[in-house]
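Participant: Sending over a structure as structure tokens; questions will come in a sec.
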Amino acid sequence: MKIYKINDKRAFMPLLLLGDEQESMIEKYIDRSEIFVLDDCGIKGEITVCNNGGGVLEIKNIAVYPQFQKRGYGKALINFVAEKFKNDFSELLAGTGDSPLTLPFYEKCGFVKVHTVKNFFTENYTAPIIEGGVVLKDMVYLKKSL
Ligand SMILES: CC(C)(COP(=O)(O)OP(=O)(O)OC[C@H]1O[C@@H](n2cnc3c(N)ncnc32)[C@H](O)[C@@H]1OP(=O)(O)O)[C@@H](O)C(=O)NCCC(=O)NCCS
């Protein structure tokens with residue numbers, strides 16, 4: 001298994017859209033982010049991170065292809081960036097929907113909830129986003145110390 005940075009970021013748009021359903025929202029951060037892909041006999045997933053300043057590295061997008069989920073790839077991507085950036089950043093931040101599919105994942109990876117941005121999804125996305133049977137409304141931010 002290898003994890004490496006890619007340069008042709010838009011070539012991975014189908015994978016990025018698994019983690020963030022609206023391309024116009026991805027366009028807001030793609031150029032100022034670094035994207036790493038996990039290759040295990042083929043690309044299985046990606047993680048997109050952005051320097052927020054003040055020692056904070058934000059995960060803007062993380063996705064594993066559906067048929068390869070729940071095999072540890074998502075956690076491996078989090079552990080990779082935590083290790084790679086631990087000397088340059090003090091905190092890893094992640095924002096996600098109040099969803100039964102993603103919150104337990106981040107908590108299993110050592111993140112704790114810090115704050116919520118009310119109505120983020122309903123105000124910024126043109127179509128409702130439904131995850132695990134829940135319509136996403138608020139953005140929940142979680143952090144992990146590095
Ligand atoms: C969220 C996502 C990246 C997780 O990747 P993954 O490879 O399936 O996760 P892992 O297999 O590494 O799981 C790590 C841990 O979280 C747990 N976990 C993962 N998904 C979970 C879920 N839906 N419910 C409960 N626990 C979950 C795993 O059981 C595992 O626990 P363990 O460490 O005790 O074994 C993946 O499900 C995905 O791509 N989802 C679609 C895109 C998305 O929603 N991205 C997040 C946007 S913020």
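By convention here, the chains of the structure tokens are called A, B, ... in the order presented, each chain's residues are numbered starting at 1, and ligands are numbered starting at 1 in the order presented.
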Among region 14-138 of chain A, which residues does DSSP mark as strand (DSSP E or B) when it is run on the backbone? Keep the chain and numbering as in the structure and answer as number ranges by chain.
Facilitator: A: 33-39, 43-53, 56-64, 91-97, 112-117, 130-131, 134-135
Participant: What do you get as a ChimeraX atom specification if you pick all residues at most 6 Å from ligand 1, counting only C-alpha atoms and all ligand atoms?
Facilitator: /A:18-19,61-65,69-75,96,101-102,104-105,108
Participant: Kindly save the residues from that selection, with N, CA and C atoms included, as a tab-separated table (two decimals), in the first residue's frame.
Facilitator:
chain	number	residue	atom	x	y	z
A	18	LEU	N	-17.41	11.95	-4.20
A	18	LEU	CA	-17.94	11.02	-3.19
A	18	LEU	C	-17.89	11.65	-1.80
A	19	GLY	N	-16.86	12.46	-1.60
A	19	GLY	CA	-16.68	13.09	-0.29
A	19	GLY	C	-17.37	14.43	-0.16
A	61	ASN	N	-11.73	17.04	2.36
A	61	ASN	CA	-12.42	15.98	1.64
A	61	ASN	C	-11.71	14.67	1.96
A	62	ILE	N	-12.46	13.62	2.19
A	62	ILE	CA	-11.89	12.27	2.32
A	62	ILE	C	-12.91	11.30	1.73
A	63	ALA	N	-12.42	10.37	0.92
A	63	ALA	CA	-13.36	9.42	0.31
A	63	ALA	C	-12.64	8.12	-0.03
A	64	VAL	N	-13.35	7.04	0.18
A	64	VAL	CA	-12.91	5.70	-0.21
A	64	VAL	C	-14.01	5.14	-1.11
A	65	TYR	N	-13.64	4.53	-2.21
A	65	TYR	CA	-14.66	3.97	-3.11
A	65	TYR	C	-15.56	3.01	-2.32
A	69	GLN	N	-14.80	0.37	1.21
A	69	GLN	CA	-14.96	0.98	2.54
A	69	GLN	C	-14.95	-0.09	3.64
A	70	LYS	N	-14.72	0.38	4.88
A	70	LYS	CA	-14.68	-0.49	6.07
A	70	LYS	C	-13.56	-1.53	6.01
A	71	ARG	N	-12.46	-1.16	5.33
A	71	ARG	CA	-11.29	-2.06	5.29
A	71	ARG	C	-10.06	-1.36	5.87
A	72	GLY	N	-10.28	-0.20	6.48
A	72	GLY	CA	-9.16	0.50	7.11
A	72	GLY	C	-8.48	1.53	6.24
A	73	TYR	N	-8.94	1.73	5.00
A	73	TYR	CA	-8.28	2.69	4.12
A	73	TYR	C	-8.48	4.14	4.59
A	74	GLY	N	-9.69	4.46	5.03
A	74	GLY	CA	-9.95	5.82	5.50
A	74	GLY	C	-9.05	6.17	6.68
A	75	LYS	N	-8.98	5.24	7.62
A	75	LYS	CA	-8.13	5.46	8.80
A	75	LYS	C	-6.66	5.58	8.40
A	96	THR	N	-17.87	17.93	8.91
A	96	THR	CA	-18.70	16.91	8.27
A	96	THR	C	-20.16	17.11	8.63
A	101	LEU	N	-22.99	8.11	9.30
A	101	LEU	CA	-21.96	7.41	8.53
A	101	LEU	C	-20.57	7.98	8.75
A	102	THR	N	-20.48	9.30	8.99
A	102	THR	CA	-19.14	9.89	9.08
A	102	THR	C	-18.69	10.23	10.50
A	104	PRO	N	-19.09	8.65	13.41
A	104	PRO	CA	-18.42	7.54	14.11
A	104	PRO	C	-17.05	7.24	13.53
A	105	PHE	N	-16.90	7.44	12.21
A	105	PHE	CA	-15.60	7.21	11.58
A	105	PHE	C	-14.55	8.16	12.17
A	108	LYS	N	-13.71	7.30	15.72
A	108	LYS	CA	-12.83	6.11	15.77
A	108	LYS	C	-11.38	6.48	15.42
Participant: Which residues are close to Lys28 (chain A), i.e. within 12 Å by only C-alpha atoms, leaving aside same-chain residues fewer than 5 positions away? Reply as a VMD selection string.
Facilitator: chain A and resid 20 22 to 23 33 50 60 to 61 124
Participant: I'd like to know which of A:Ile59, A:Leu38, A:Leu146, A:Val114 is closest to Lys86 (chain A), using only C-alpha atoms.
Facilitator: A:Leu146
Participant: Report as a VMD selection string: the residues of region 24-82 of chain A with a DSSP assignment of helix (DSSP H, G or I), based on the backbone of this structure.
Facilitator: chain A and resid 24 to 27 30 to 32 66 to 68 73 to 82
Participant: State, in Å with one decimal place, the distance from CA of Lys2 (chain A) to CA of Cys41 (chain A).
Facilitator: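 It comes out at 9.2 Å.
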Participant: Near Arg10 (chain A), within 10 Å and counting only C-alpha atoms, which residues show up once chain neighbours fewer than 5 positions away are dropped, as a ChimeraX atom specification?
Facilitator: /A:15-16,26-27,30-31
Participant: Rounded to one decimal in Å, what is the spacing between CA of Ala11 (chain A) and CA of Phe36 (chain A)?
Facilitator: 12.7 Å
Participant: Nearest residue to Pro14 (chain A) out of A:Leu93, A:Glu58, A:Gly45, A:Asp40, using only C-alpha atoms?
Facilitator: A:Gly45
Participant: Choose the residue, out of A:Phe12, A:Phe68, A:Phe89, A:Tyr4, that has the smallest atom-to-atom separation from Asp39 (chain A); count only C-alpha atoms.
Facilitator: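 For Asp39 (chain A), the nearest of the given residues is A:Tyr4.
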Participant: Near Val112 (chain A), within 9 Å and counting only C-alpha atoms, which residues show up once chain neighbours fewer than 5 positions away are dropped, as a list of chain:residue names?
Facilitator: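 Near neighbours after the sequence-gap exclusion: A:Tyr106, A:Glu107, A:Tyr141, A:Leu142, A:Lys143, A:Lys144.
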Participant: Print the selection's residues with N, CA and C atoms to a file, as a PDB file, in the first residue's frame.
Facilitator:
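To be explicit, this is the file written out as selection38.pdb:
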ATOM      1  N   TYR A 106     -14.880   9.464  12.197  1.00  0.00           N
ATOM      2  CA  TYR A 106     -13.907  10.426  12.729  1.00  0.00           C
ATOM      3  C   TYR A 106     -13.615  10.149  14.205  1.00  0.00           C
ATOM      4  N   GLU A 107     -14.651   9.795  14.966  1.00  0.00           N
ATOM      5  CA  GLU A 107     -14.431   9.524  16.391  1.00  0.00           C
ATOM      6  C   GLU A 107     -13.525   8.303  16.571  1.00  0.00           C
ATOM      7  N   TYR A 141     -17.816  20.310  13.279  1.00  0.00           N
ATOM      8  CA  TYR A 141     -16.357  20.322  13.214  1.00  0.00           C
ATOM      9  C   TYR A 141     -15.785  19.452  14.324  1.00  0.00           C
ATOM     10  N   LEU A 142     -14.772  18.660  13.936  1.00  0.00           N
ATOM     11  CA  LEU A 142     -14.087  17.804  14.909  1.00  0.00           C
ATOM     12  C   LEU A 142     -12.589  18.076  14.795  1.00  0.00           C
ATOM     13  N   LYS A 143     -11.877  17.856  15.888  1.00  0.00           N
ATOM     14  CA  LYS A 143     -10.429  18.067  15.823  1.00  0.00           C
ATOM     15  C   LYS A 143      -9.668  16.911  16.466  1.00  0.00           C
ATOM     16  N   LYS A 144      -8.411  16.831  16.029  1.00  0.00           N
ATOM     17  CA  LYS A 144      -7.504  15.821  16.581  1.00  0.00           C
ATOM     18  C   LYS A 144      -6.163  16.524  16.789  1.00  0.00           C
TER      19      LYS A 144
END
Participant: Determine the nearest neighbour of Val140 (chain A) from the options A:Ile43, A:Val56, A:Val117, A:Ala82, counting only C-alpha atoms.
Facilitator: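 Closest residue, counting only C-alpha atoms: A:Val117.
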